[in-house]
>>> print(open('coords25.cif').read())   # mmCIF, C-alpha atoms
data_work
#
loop_
_atom_site.label_atom_id
_atom_site.label_comp_id
_atom_site.auth_asym_id
_atom_site.auth_seq_id
_atom_site.Cartn_x
_atom_site.Cartn_y
_atom_site.Cartn_z
CA MET C 92 25.22 -29.34 8.73
CA MET C 93 28.27 -29.82 10.95
CA GLY C 94 30.40 -26.80 11.72
CA LEU C 95 33.34 -26.13 9.42
CA LYS C 96 35.91 -26.11 12.19
CA ASN C 97 38.83 -26.82 9.90
CA LYS C 98 40.03 -23.49 8.41
CA LYS C 99 41.34 -25.34 5.39
CA TRP C 100 37.81 -25.97 4.24
CA ARG C 101 36.94 -24.04 1.09
CA LEU C 102 33.59 -22.24 0.92
CA GLY C 103 32.11 -21.60 -2.52
CA VAL C 104 30.15 -18.42 -3.24
CA PRO C 105 28.32 -18.30 -6.61
CA ARG C 106 28.90 -15.03 -8.49
CA ALA C 107 25.22 -14.55 -9.32
CA LEU C 108 21.89 -13.13 -8.04
CA PHE C 109 22.35 -11.35 -4.70
CA TYR C 110 26.12 -11.65 -4.87
CA TYR C 111 25.93 -8.38 -6.83
CA TYR C 112 24.30 -6.71 -3.82
CA TYR C 113 25.97 -8.39 -0.85
CA GLY C 114 29.05 -10.10 -2.25
CA SER C 115 31.48 -7.72 -0.59
CA TRP C 116 29.71 -8.22 2.77
CA TRP C 117 29.83 -12.00 2.51
CA GLU C 118 33.44 -12.20 1.34
CA THR C 119 34.72 -9.83 4.03
CA PHE C 120 32.72 -11.58 6.76
CA PHE C 121 34.00 -15.05 5.92
CA HIS C 122 37.55 -13.81 5.28
CA HIS C 123 37.73 -12.33 8.79
CA LEU C 124 36.53 -15.63 10.18
CA GLY C 125 39.52 -17.30 8.57
CA VAL C 126 37.52 -19.23 5.98
CA GLU C 127 38.94 -19.65 2.48
CA ILE C 128 36.44 -18.22 -0.01
CA VAL C 129 36.19 -19.38 -3.61
CA VAL C 130 34.04 -17.16 -5.82
CA SER C 131 33.01 -18.53 -9.19
CA PRO C 132 34.37 -16.68 -12.26
CA ALA C 133 32.42 -14.12 -14.25
CA THR C 134 29.47 -15.54 -16.14
CA CYS C 135 30.36 -17.07 -19.51
CA ARG C 136 28.76 -19.38 -22.07
CA GLU C 137 30.05 -22.49 -20.27
CA ILE C 138 28.45 -21.45 -16.96
CA MET C 139 25.19 -20.43 -18.62
CA ASP C 140 24.95 -23.75 -20.46
CA LEU C 141 25.60 -25.65 -17.22
CA GLY C 142 22.74 -23.81 -15.53
CA VAL C 143 20.29 -24.14 -18.42
CA GLU C 144 20.91 -27.90 -18.47
CA LEU C 145 20.36 -28.31 -14.72
CA ALA C 146 17.53 -25.87 -13.96
CA VAL C 147 13.82 -26.43 -14.49
CA ALA C 148 12.47 -24.81 -17.65
CA GLU C 149 10.20 -22.44 -15.69
CA ALA C 150 13.14 -20.75 -13.94
CA CYS C 151 14.12 -17.24 -15.06
CA LEU C 152 17.50 -16.70 -16.71
CA PRO C 153 19.28 -15.33 -13.57
CA VAL C 154 18.23 -18.42 -11.57
CA LYS C 155 19.44 -20.71 -14.36
CA VAL C 156 22.78 -18.91 -14.35
CA TYR C 157 22.98 -19.32 -10.56
CA TYR C 158 22.70 -23.09 -11.07
CA GLY C 159 25.61 -22.85 -13.48
CA HIS C 160 27.81 -20.97 -11.01
CA ALA C 161 26.99 -23.47 -8.24
CA ALA C 162 27.72 -26.40 -10.55
CA TRP C 163 31.04 -24.86 -11.59
CA LEU C 164 32.06 -24.45 -7.94
CA ALA C 165 30.90 -27.86 -6.72
CA PRO C 166 34.03 -29.90 -7.64
CA TYR C 167 36.41 -27.32 -6.11
CA VAL C 168 34.89 -26.57 -2.70
CA ASP C 169 33.92 -28.37 0.48
CA ALA C 170 30.67 -26.46 0.93
CA LEU C 171 28.49 -23.89 -0.87
CA PHE C 172 27.12 -20.72 0.68
CA VAL C 173 23.53 -20.37 -0.54
CA PRO C 174 21.58 -18.23 1.95
CA ARG C 175 17.81 -18.66 2.03
CA LEU C 176 16.82 -15.05 1.38
CA VAL C 177 13.27 -14.38 2.55
CA SER C 178 13.40 -10.64 3.22
CA VAL C 179 16.10 -7.98 3.46
CA GLU C 180 13.90 -5.11 4.68
CA ASP C 181 10.69 -4.43 6.60
CA LYS C 182 7.45 -5.72 5.07
CA SER C 183 8.99 -6.60 1.71
CA TYR C 184 10.08 -9.95 0.32
CA ILE C 185 12.37 -11.69 -2.15
CA CYS C 186 11.15 -13.83 -5.05
CA PRO C 187 10.10 -17.35 -3.91
CA LYS C 188 12.41 -18.95 -6.49
CA LEU C 189 15.34 -17.32 -4.70
CA MET C 190 14.05 -18.47 -1.31
CA GLY C 191 14.02 -22.06 -2.52
CA LEU C 192 17.48 -22.10 -4.11
CA PRO C 193 19.16 -24.31 -1.46
CA ASP C 194 16.53 -27.04 -1.89
CA MET C 195 16.51 -26.71 -5.69
CA LEU C 196 20.29 -27.06 -5.84
CA ARG C 197 20.32 -30.11 -3.57
CA ALA C 198 17.88 -31.78 -5.96
CA ALA C 199 19.73 -30.74 -9.13
CA LEU C 200 23.45 -31.09 -8.29
CA LYS C 201 24.68 -34.67 -8.28
CA PRO C 202 26.86 -34.93 -6.26
CA CYS C 203 26.04 -31.85 -4.23
CA PRO C 204 28.47 -30.55 -1.60
CA PRO C 205 27.09 -29.49 1.81
CA ILE C 206 25.14 -26.22 1.59
CA ILE C 207 25.12 -23.47 4.22
CA ASP C 208 21.55 -22.25 3.80
CA THR C 209 21.20 -19.70 6.60
CA THR C 210 17.75 -18.07 6.55
CA VAL C 211 17.76 -14.27 6.21
CA ASP C 212 14.38 -12.80 7.18
CA LEU C 213 14.34 -9.12 8.14
CA SER C 214 10.64 -8.58 7.34
CA ARG C 215 9.45 -7.89 10.89
CA ARG C 216 12.33 -7.03 13.20
CA ARG C 217 15.28 -6.08 11.04
CA ASP C 218 18.01 -6.04 13.69
CA GLU C 219 16.88 -9.28 15.29
CA GLY C 220 16.58 -10.95 11.90
CA LEU C 221 20.09 -9.89 10.93
CA GLN C 222 21.56 -11.09 14.21
CA SER C 223 19.80 -14.43 13.82
CA ALA C 224 21.21 -14.83 10.30
CA ILE C 225 24.74 -13.96 11.45
CA LYS C 226 24.53 -16.42 14.33
CA GLY C 227 23.34 -19.08 11.89
CA MET C 228 26.32 -18.54 9.60
CA ALA C 229 28.73 -18.53 12.53
CA LYS C 230 27.24 -21.74 13.95
CA ALA C 231 27.59 -23.50 10.60
CA LEU C 232 31.24 -22.45 10.53
CA GLY C 233 31.89 -23.40 14.17
CA MET C 234 33.08 -19.89 15.06
CA GLY C 235 33.07 -18.14 18.45
CA ALA C 236 31.21 -14.92 19.27
CA ASN C 237 34.30 -12.68 19.53
CA ARG C 238 35.48 -13.42 16.02
CA VAL C 239 31.97 -12.91 14.67
CA VAL C 240 31.71 -9.39 16.14
CA GLU C 241 34.95 -8.35 14.46
CA ALA C 242 33.93 -9.97 11.16
CA VAL C 243 30.56 -8.18 11.12
CA ALA C 244 32.19 -4.80 11.77
CA ALA C 245 34.65 -5.32 8.92
CA ALA C 246 31.89 -6.54 6.58
CA LYS C 247 29.69 -3.51 7.28
CA ALA C 248 32.60 -1.13 6.64
CA ARG C 249 33.45 -2.83 3.33
CA TYR C 250 29.81 -2.87 2.24
CA ARG C 251 29.46 0.89 2.77
CA GLU C 252 32.44 1.44 0.46
CA GLN C 253 31.03 -0.74 -2.32
CA ILE C 254 30.38 0.97 -5.66
CA PHE C 255 27.97 -0.83 -7.97
CA THR C 256 28.91 0.81 -11.26
CA PRO C 257 30.51 -1.69 -13.69
CA ASP C 258 34.23 -1.17 -14.08
CA GLY C 259 35.68 0.54 -17.11
CA LEU C 260 32.66 1.90 -18.98
CA LYS C 261 34.14 3.28 -22.21
CA GLU C 262 32.27 6.49 -22.92
CA ASN C 263 32.17 8.00 -26.41
CA THR C 264 33.08 11.65 -25.93
CA ALA C 265 32.87 12.38 -29.67
CA ARG C 266 29.07 12.44 -29.60
CA GLN C 267 26.87 14.91 -27.78
CA LYS C 268 26.39 13.67 -24.25
CA LEU C 269 23.08 12.11 -23.25
CA THR C 270 22.11 10.87 -19.80
CA VAL C 271 20.32 7.53 -19.71
CA GLY C 272 18.87 5.84 -16.63
CA ILE C 273 19.26 2.06 -16.79
CA ILE C 274 17.04 0.18 -14.35
CA GLY C 275 16.74 -3.50 -13.53
CA HIS C 276 18.04 -6.12 -11.14
CA GLY C 277 21.68 -5.71 -10.16
CA TYR C 278 22.44 -9.26 -11.27
CA LEU C 279 21.46 -8.22 -14.81
CA LEU C 280 22.95 -4.73 -14.84
CA TYR C 281 26.33 -5.67 -13.38
CA ASP C 282 26.83 -9.12 -14.89
CA ARG C 283 28.33 -8.12 -18.22
CA TYR C 284 27.63 -11.46 -19.92
CA LEU C 285 24.16 -12.12 -18.54
CA GLY C 286 23.07 -8.51 -19.13
CA MET C 287 24.72 -8.50 -22.58
CA ASP C 288 26.82 -5.48 -21.59
CA VAL C 289 23.95 -3.04 -22.16
CA PRO C 290 25.45 -0.24 -19.98
CA GLU C 291 28.70 -0.49 -21.95
CA LYS C 292 26.82 -0.32 -25.25
CA VAL C 293 24.95 2.81 -24.12
CA ALA C 294 28.17 4.45 -22.90
CA ARG C 295 29.90 3.79 -26.23
CA MET C 296 27.01 5.51 -28.01
CA GLY C 297 27.57 8.67 -26.01
CA GLY C 298 25.32 8.02 -23.02
CA LYS C 299 26.19 8.88 -19.46
CA VAL C 300 24.71 5.97 -17.52
CA VAL C 301 22.87 6.35 -14.20
CA PHE C 302 21.89 3.27 -12.15
CA PRO C 303 19.35 2.71 -9.34
CA GLU C 304 22.28 2.19 -6.95
CA HIS C 305 23.35 5.78 -7.55
CA LEU C 306 20.21 6.88 -5.66
CA THR C 307 19.77 7.02 -1.91
CA GLU C 308 17.11 5.01 -0.10
CA GLY C 309 15.37 8.30 0.65
CA GLU C 310 15.19 9.25 -3.04
CA VAL C 311 13.71 5.86 -3.95
CA GLU C 312 11.17 6.00 -1.11
CA GLU C 313 10.15 9.56 -2.02
CA ALA C 314 9.57 8.60 -5.65
CA CYS C 315 7.52 5.54 -4.66
CA ARG C 316 5.06 7.72 -2.76
CA GLN C 317 3.54 8.45 -6.15
CA LEU C 318 2.24 4.87 -6.19
CA SER C 319 -1.13 4.08 -4.67
CA LYS C 320 0.34 1.05 -2.88
CA ARG C 321 3.79 -0.13 -1.86
CA LEU C 322 5.10 -2.95 -4.03
CA TYR C 323 5.41 -6.34 -2.34
CA TRP C 324 8.84 -7.18 -3.76
CA THR C 325 12.01 -5.46 -2.47
CA LEU C 326 13.78 -5.20 -5.81
CA GLY C 327 10.57 -4.31 -7.64
CA GLN C 328 10.08 -1.40 -5.26
CA LYS C 329 13.65 -0.25 -5.85
CA ILE C 330 13.38 -0.52 -9.64
CA MET C 331 10.05 1.29 -9.73
CA GLY C 332 11.31 4.02 -7.40
CA ALA C 333 14.36 4.56 -9.60
CA ALA C 334 12.16 4.71 -12.72
CA LEU C 335 9.85 7.33 -11.20
CA HIS C 336 12.82 9.35 -9.93
CA PHE C 337 14.44 9.34 -13.38
CA MET C 338 11.15 10.38 -14.99
CA ASP C 339 11.02 13.46 -12.76
CA ARG C 340 14.54 14.58 -13.72
CA ASP C 341 14.96 16.86 -16.71
CA ASP C 342 18.61 15.83 -17.09
CA ILE C 343 17.63 12.19 -17.79
CA ASP C 344 16.99 11.89 -21.54
CA GLY C 345 15.55 8.38 -21.47
CA ILE C 346 15.20 5.16 -19.50
CA ILE C 347 16.14 1.60 -20.40
CA HIS C 348 14.61 -1.24 -18.36
CA LEU C 349 16.60 -4.47 -18.53
CA THR C 350 14.59 -7.51 -17.47
CA ALA C 351 14.73 -11.31 -17.68
CA PHE C 352 12.09 -13.39 -19.45
CA GLY C 353 10.08 -15.39 -16.96
CA CYS C 354 10.49 -12.94 -14.05
CA GLY C 355 7.02 -12.61 -12.50
CA PRO C 356 7.60 -9.42 -10.48
CA ASP C 357 9.28 -7.73 -13.46
CA SER C 358 6.27 -8.40 -15.69
CA LEU C 359 4.27 -6.15 -13.36
CA VAL C 360 6.96 -3.56 -12.66
CA GLY C 361 7.96 -3.22 -16.31
CA ASP C 362 4.40 -2.61 -17.48
CA LEU C 363 3.75 -0.16 -14.64
CA ALA C 364 6.95 1.80 -15.32
CA GLU C 365 6.23 1.96 -19.05
CA ARG C 366 2.73 3.33 -18.42
CA TYR C 367 4.07 6.09 -16.16
CA ALA C 368 6.76 6.94 -18.72
CA ARG C 369 4.20 7.17 -21.52
CA ARG C 370 2.03 9.56 -19.52
CA ARG C 371 4.98 11.82 -18.77
CA GLY C 372 6.51 11.73 -22.22
CA LYS C 373 9.78 10.15 -21.07
CA PRO C 374 11.35 7.83 -23.67
CA PHE C 375 11.35 4.28 -22.33
CA LEU C 376 12.88 1.11 -23.78
CA LEU C 377 12.11 -2.35 -22.37
CA LEU C 378 14.72 -5.03 -23.14
CA THR C 379 13.79 -8.60 -22.19
CA LEU C 380 16.61 -11.17 -22.12
CA ASP C 381 16.76 -14.94 -22.09
CA GLU C 382 19.31 -17.56 -23.11
CA HIS C 383 18.21 -17.25 -26.76
CA THR C 384 18.48 -13.46 -27.09
CA GLY C 385 20.61 -12.44 -30.07
CA GLU C 386 23.09 -9.63 -29.64
CA ALA C 387 22.59 -8.21 -33.15
CA GLY C 388 18.90 -7.52 -32.58
CA LEU C 389 19.61 -6.06 -29.14
CA ASN C 390 22.24 -3.71 -30.57
CA THR C 391 19.82 -2.51 -33.24
CA ARG C 392 17.16 -1.63 -30.66
CA ILE C 393 19.63 0.27 -28.47
CA GLU C 394 21.06 2.16 -31.45
CA ALA C 395 17.58 3.16 -32.60
CA PHE C 396 16.67 4.30 -29.09
CA MET C 397 19.83 6.39 -28.71
CA ASP C 398 19.35 7.95 -32.16
CA MET C 399 15.81 8.90 -31.17
CA LEU C 400 17.12 10.54 -27.98
CA TYR C 401 19.65 12.56 -30.01
CA ARG C 402 16.90 13.71 -32.39
CA ARG C 403 14.76 14.82 -29.44
CA ARG C 404 17.70 16.68 -27.93
CA THR C 405 18.41 18.60 -31.16
CA ALA C 406 14.79 19.18 -32.22
#
>>> encode(input="coords25.cif", output="structure tokens")
Amino acid sequence: MMGLKNKKWRLGVPRALFYYYYGSWWETFFHHLGVEIVVSPATCREIMDLGVELAVAEACLPVKVYYGHAAWLAPYVDALFVPRLVSVEDKSYICPKLMGLPDMLRAALKPCPPIIDTTVDLSRRRDEGLQSAIKGMAKALGMGANRVVEAVAAAKARYREQIFTPDGLKENTARQKLTVGIIGHGYLLYDRYLGMDVPEKVARMGGKVVFPEHLTEGEVEEACRQLSKRLYWTLGQKIMGAALHFMDRDDIDGIIHLTAFGCGPDSLVGDLAERYARRRGKPFLLLTLDEHTGEAGLNTRIEAFMDMLYRRRTA
């Protein structure tokens, strides 16, 4: 597409999927380039319904919600930022449905604003892949090299400061404290509507919540050495590493795995994690969500799981 040389152009960023990992990087980068950023609001029923109507039936719930965020933004922006994420680390890859998002949106959104679909592929040479992606974004925006260097430095600094824990978890201090590891994709854990506020529910029942993002890369890699083979998917490797790490910790009373119906990689990772948990005697609850999941049934399962953890603690 032609460069966005006019600073008055508005660039839309959907608040979904990898926004929950790299949103602060993207926003800071574009802000320092002088581009006006419009981020879609938090997920709600209106946005979910928009996405479900537009997306193909085979898409997982997070992808459907991404459609909804893009559709919500479309009338208010001059272009959408939808990077083509292939790989964000060496020898690991992102789900193909996420790689194809720019093309899927062009086919589904009518009318569809121009899409900046910079390819991000760090699978072989990480530094070169990152530089190529940055140059691609800058070229689409019609920006010079000097401004890009400053924007990248600011984005990296902001990203290092990012904290992934949801804001304002209301812990119940009246009950005996439990520690619960909650694993899953960030776009489920940190999207309070899409993830049905599971971390908040656990916190209100007296659980201290620990997330995969609270672990270092080294801790995840060390835990994954227990596997006979490295997982192909980046987020699957992270989720499995967090699960194994939590299983090895005596201070973690139980693990909840939040997953989306229709997620291929999660169907493997969830089963694998549950098998390891069963062997080690670590309580494990798998919660699978889709657009039809009822909150009452979900609450009942979480309450039963937490009660079981309290009984184990006091036995």
>>> resolve_selection(input="coords25.cif", expression="the PyMOL selection byres ((chain C and resi 203) around 12)", output="PyMOL selection string")
chain C and resi 158+161-171+193-202+204-207
>>> atom_distance(input="coords25.cif", atom1="atom CA of C:Tyr112", atom2="atom CA of C:Gly277")
6.9 Å
>>> residues_near_point(input="coords25.cif", point="(18.5, -17.7, -4.8)", cutoff="7 Å", atoms="all atoms listed in the file", output="PyMOL selection string")
chain C and resi 108+154+175-176+188-192
>>> closest_residue(input="coords25.cif", among="C:Phe120, C:Phe172, C:Trp324, C:Tyr284", to="C:Glu382", atoms="all atoms listed in the file")
C:Tyr284
>>> closest_residue(input="coords25.cif", among="C:Lys320, C:Val289, C:Thr119, C:Gly327", to="C:Arg392", atoms="all atoms listed in the file")
C:Val289
>>> atom_distance(input="coords25.cif", atom1="atom CA of C:Glu127", atom2="atom CA of C:Ala248")
20.0 Å
>>> closest_residue(input="coords25.cif", among="C:Glu365, C:Glu118, C:Asp381, C:Glu180", to="C:Ala246", atoms="all atoms listed in the file")
C:Glu118
>>> resolve_selection(input="coords25.cif", expression="the PyMOL selection byres ((chain C and resi 397) around 12)", output="ChimeraX atom specification")
/C:266-271,292-299,344-347,374-376,390-396,398-404
>>> write_last_selection(input="coords25.cif", atoms="C-alpha atoms", output="PDB file, keeping the file's coordinate frame")
ATOM      1  CA  ARG C 266      29.070  12.440 -29.600  1.00  0.00           C
ATOM      2  CA  GLN C 267      26.870  14.910 -27.780  1.00  0.00           C
ATOM      3  CA  LYS C 268      26.390  13.670 -24.250  1.00  0.00           C
ATOM      4  CA  LEU C 269      23.080  12.110 -23.250  1.00  0.00           C
ATOM      5  CA  THR C 270      22.110  10.870 -19.800  1.00  0.00           C
ATOM      6  CA  VAL C 271      20.320   7.530 -19.710  1.00  0.00           C
ATOM      7  CA  LYS C 292      26.820  -0.320 -25.250  1.00  0.00           C
ATOM      8  CA  VAL C 293      24.950   2.810 -24.120  1.00  0.00           C
ATOM      9  CA  ALA C 294      28.170   4.450 -22.900  1.00  0.00           C
ATOM     10  CA  ARG C 295      29.900   3.790 -26.230  1.00  0.00           C
ATOM     11  CA  MET C 296      27.010   5.510 -28.010  1.00  0.00           C
ATOM     12  CA  GLY C 297      27.570   8.670 -26.010  1.00  0.00           C
ATOM     13  CA  GLY C 298      25.320   8.020 -23.020  1.00  0.00           C
ATOM     14  CA  LYS C 299      26.190   8.880 -19.460  1.00  0.00           C
ATOM     15  CA  ASP C 344      16.990  11.890 -21.540  1.00  0.00           C
ATOM     16  CA  GLY C 345      15.550   8.380 -21.470  1.00  0.00           C
ATOM     17  CA  ILE C 346      15.200   5.160 -19.500  1.00  0.00           C
ATOM     18  CA  ILE C 347      16.140   1.600 -20.400  1.00  0.00           C
ATOM     19  CA  PRO C 374      11.350   7.830 -23.670  1.00  0.00           C
ATOM     20  CA  PHE C 375      11.350   4.280 -22.330  1.00  0.00           C
ATOM     21  CA  LEU C 376      12.880   1.110 -23.780  1.00  0.00           C
ATOM     22  CA  ASN C 390      22.240  -3.710 -30.570  1.00  0.00           C
ATOM     23  CA  THR C 391      19.820  -2.510 -33.240  1.00  0.00           C
ATOM     24  CA  ARG C 392      17.160  -1.630 -30.660  1.00  0.00           C
ATOM     25  CA  ILE C 393      19.630   0.270 -28.470  1.00  0.00           C
ATOM     26  CA  GLU C 394      21.060   2.160 -31.450  1.00  0.00           C
ATOM     27  CA  ALA C 395      17.580   3.160 -32.600  1.00  0.00           C
ATOM     28  CA  PHE C 396      16.670   4.300 -29.090  1.00  0.00           C
ATOM     29  CA  ASP C 398      19.350   7.950 -32.160  1.00  0.00           C
ATOM     30  CA  MET C 399      15.810   8.900 -31.170  1.00  0.00           C
ATOM     31  CA  LEU C 400      17.120  10.540 -27.980  1.00  0.00           C
ATOM     32  CA  TYR C 401      19.650  12.560 -30.010  1.00  0.00           C
ATOM     33  CA  ARG C 402      16.900  13.710 -32.390  1.00  0.00           C
ATOM     34  CA  ARG C 403      14.760  14.820 -29.440  1.00  0.00           C
ATOM     35  CA  ARG C 404      17.700  16.680 -27.930  1.00  0.00           C
TER      36      ARG C 404
END
>>> closest_residue(input="coords25.cif", among="C:Val126, C:Ala406, C:Cys186, C:Val156", to="C:Val143", atoms="all atoms listed in the file")
C:Val156
>>> resolve_selection(input="coords25.cif", expression="the PyMOL selection byres ((chain C and resi 339) around 12)", output="PDB file with C-alpha atoms, keeping the file's coordinate frame")
ATOM      1  CA  GLY C 272      18.870   5.840 -16.630  1.00  0.00           C
ATOM      2  CA  GLU C 310      15.190   9.250  -3.040  1.00  0.00           C
ATOM      3  CA  VAL C 311      13.710   5.860  -3.950  1.00  0.00           C
ATOM      4  CA  GLU C 313      10.150   9.560  -2.020  1.00  0.00           C
ATOM      5  CA  ALA C 314       9.570   8.600  -5.650  1.00  0.00           C
ATOM      6  CA  CYS C 315       7.520   5.540  -4.660  1.00  0.00           C
ATOM      7  CA  GLN C 317       3.540   8.450  -6.150  1.00  0.00           C
ATOM      8  CA  GLY C 332      11.310   4.020  -7.400  1.00  0.00           C
ATOM      9  CA  ALA C 333      14.360   4.560  -9.600  1.00  0.00           C
ATOM     10  CA  ALA C 334      12.160   4.710 -12.720  1.00  0.00           C
ATOM     11  CA  LEU C 335       9.850   7.330 -11.200  1.00  0.00           C
ATOM     12  CA  HIS C 336      12.820   9.350  -9.930  1.00  0.00           C
ATOM     13  CA  PHE C 337      14.440   9.340 -13.380  1.00  0.00           C
ATOM     14  CA  MET C 338      11.150  10.380 -14.990  1.00  0.00           C
ATOM     15  CA  ARG C 340      14.540  14.580 -13.720  1.00  0.00           C
ATOM     16  CA  ASP C 341      14.960  16.860 -16.710  1.00  0.00           C
ATOM     17  CA  ASP C 342      18.610  15.830 -17.090  1.00  0.00           C
ATOM     18  CA  ILE C 343      17.630  12.190 -17.790  1.00  0.00           C
ATOM     19  CA  ASP C 344      16.990  11.890 -21.540  1.00  0.00           C
ATOM     20  CA  GLY C 345      15.550   8.380 -21.470  1.00  0.00           C
ATOM     21  CA  ILE C 346      15.200   5.160 -19.500  1.00  0.00           C
ATOM     22  CA  TYR C 367       4.070   6.090 -16.160  1.00  0.00           C
ATOM     23  CA  ALA C 368       6.760   6.940 -18.720  1.00  0.00           C
ATOM     24  CA  ARG C 370       2.030   9.560 -19.520  1.00  0.00           C
ATOM     25  CA  ARG C 371       4.980  11.820 -18.770  1.00  0.00           C
ATOM     26  CA  GLY C 372       6.510  11.730 -22.220  1.00  0.00           C
ATOM     27  CA  LYS C 373       9.780  10.150 -21.070  1.00  0.00           C
TER      28      LYS C 373
END
>>> atom_distance(input="coords25.cif", atom1="atom CA of C:Phe109", atom2="atom CA of C:Lys155")
13.8 Å
>>> closest_residue(input="coords25.cif", among="C:Glu386, C:Asp282, C:Glu312, C:Asp288", to="C:Ala133", atoms="all atoms listed in the file")
C:Asp282
>>> residues_near_point(input="coords25.cif", point="(29.2, -15.3, -7.9)", cutoff="8 Å", atoms="all atoms listed in the file", output="PDB file with C-alpha atoms, keeping the file's coordinate frame")
ATOM      1  CA  VAL C 104      30.150 -18.420  -3.240  1.00  0.00           C
ATOM      2  CA  PRO C 105      28.320 -18.300  -6.610  1.00  0.00           C
ATOM      3  CA  ARG C 106      28.900 -15.030  -8.490  1.00  0.00           C
ATOM      4  CA  ALA C 107      25.220 -14.550  -9.320  1.00  0.00           C
ATOM      5  CA  LEU C 108      21.890 -13.130  -8.040  1.00  0.00           C
ATOM      6  CA  TYR C 110      26.120 -11.650  -4.870  1.00  0.00           C
ATOM      7  CA  TYR C 111      25.930  -8.380  -6.830  1.00  0.00           C
ATOM      8  CA  GLY C 114      29.050 -10.100  -2.250  1.00  0.00           C
ATOM      9  CA  VAL C 130      34.040 -17.160  -5.820  1.00  0.00           C
ATOM     10  CA  SER C 131      33.010 -18.530  -9.190  1.00  0.00           C
ATOM     11  CA  PRO C 132      34.370 -16.680 -12.260  1.00  0.00           C
ATOM     12  CA  ALA C 133      32.420 -14.120 -14.250  1.00  0.00           C
ATOM     13  CA  TYR C 157      22.980 -19.320 -10.560  1.00  0.00           C
ATOM     14  CA  HIS C 160      27.810 -20.970 -11.010  1.00  0.00           C
TER      15      HIS C 160
END
>>> closest_residue(input="coords25.cif", among="C:Leu380, C:Cys151, C:Cys354, C:Gly159", to="C:Glu137", atoms="all atoms listed in the file")
C:Gly159
>>> build_atoms(input="coords25.cif", residues="stretch 345-349 of chain C", atoms="all heavy atoms", output="PDB file, in the coordinates of the input")
ATOM      1  N   GLY C 345      16.365   9.561 -21.233  1.00  0.00           N
ATOM      2  CA  GLY C 345      15.550   8.380 -21.470  1.00  0.00           C
ATOM      3  C   GLY C 345      15.883   7.292 -20.469  1.00  0.00           C
ATOM      4  O   GLY C 345      16.861   7.381 -19.721  1.00  0.00           O
ATOM      5  N   ILE C 346      15.047   6.256 -20.458  1.00  0.00           N
ATOM      6  CA  ILE C 346      15.200   5.160 -19.500  1.00  0.00           C
ATOM      7  C   ILE C 346      15.190   3.835 -20.246  1.00  0.00           C
ATOM      8  O   ILE C 346      14.368   3.612 -21.140  1.00  0.00           O
ATOM      9  CB  ILE C 346      14.049   5.173 -18.463  1.00  0.00           C
ATOM     10  CG1 ILE C 346      14.047   6.489 -17.667  1.00  0.00           C
ATOM     11  CG2 ILE C 346      14.156   3.983 -17.513  1.00  0.00           C
ATOM     12  CD1 ILE C 346      12.832   6.661 -16.786  1.00  0.00           C
ATOM     13  N   ILE C 347      16.113   2.963 -19.877  1.00  0.00           N
ATOM     14  CA  ILE C 347      16.140   1.600 -20.400  1.00  0.00           C
ATOM     15  C   ILE C 347      15.893   0.642 -19.235  1.00  0.00           C
ATOM     16  O   ILE C 347      16.570   0.717 -18.210  1.00  0.00           O
ATOM     17  CB  ILE C 347      17.494   1.267 -21.055  1.00  0.00           C
ATOM     18  CG1 ILE C 347      17.715   2.151 -22.293  1.00  0.00           C
ATOM     19  CG2 ILE C 347      17.554  -0.216 -21.452  1.00  0.00           C
ATOM     20  CD1 ILE C 347      19.062   1.940 -22.951  1.00  0.00           C
ATOM     21  N   HIS C 348      14.912  -0.238 -19.392  1.00  0.00           N
ATOM     22  CA  HIS C 348      14.610  -1.240 -18.360  1.00  0.00           C
ATOM     23  C   HIS C 348      15.076  -2.602 -18.871  1.00  0.00           C
ATOM     24  O   HIS C 348      14.573  -3.116 -19.862  1.00  0.00           O
ATOM     25  CB  HIS C 348      13.112  -1.270 -18.065  1.00  0.00           C
ATOM     26  CG  HIS C 348      12.748  -2.240 -16.978  1.00  0.00           C
ATOM     27  ND1 HIS C 348      11.457  -2.656 -16.755  1.00  0.00           N
ATOM     28  CD2 HIS C 348      13.507  -2.879 -16.037  1.00  0.00           C
ATOM     29  CE1 HIS C 348      11.432  -3.501 -15.739  1.00  0.00           C
ATOM     30  NE2 HIS C 348      12.675  -3.654 -15.295  1.00  0.00           N
ATOM     31  N   LEU C 349      16.041  -3.170 -18.180  1.00  0.00           N
ATOM     32  CA  LEU C 349      16.600  -4.470 -18.530  1.00  0.00           C
ATOM     33  C   LEU C 349      15.941  -5.520 -17.639  1.00  0.00           C
ATOM     34  O   LEU C 349      16.002  -5.436 -16.406  1.00  0.00           O
ATOM     35  CB  LEU C 349      18.118  -4.450 -18.310  1.00  0.00           C
ATOM     36  CG  LEU C 349      18.960  -5.510 -19.011  1.00  0.00           C
ATOM     37  CD1 LEU C 349      18.791  -5.420 -20.516  1.00  0.00           C
ATOM     38  CD2 LEU C 349      20.417  -5.350 -18.626  1.00  0.00           C
TER      39      LEU C 349
END
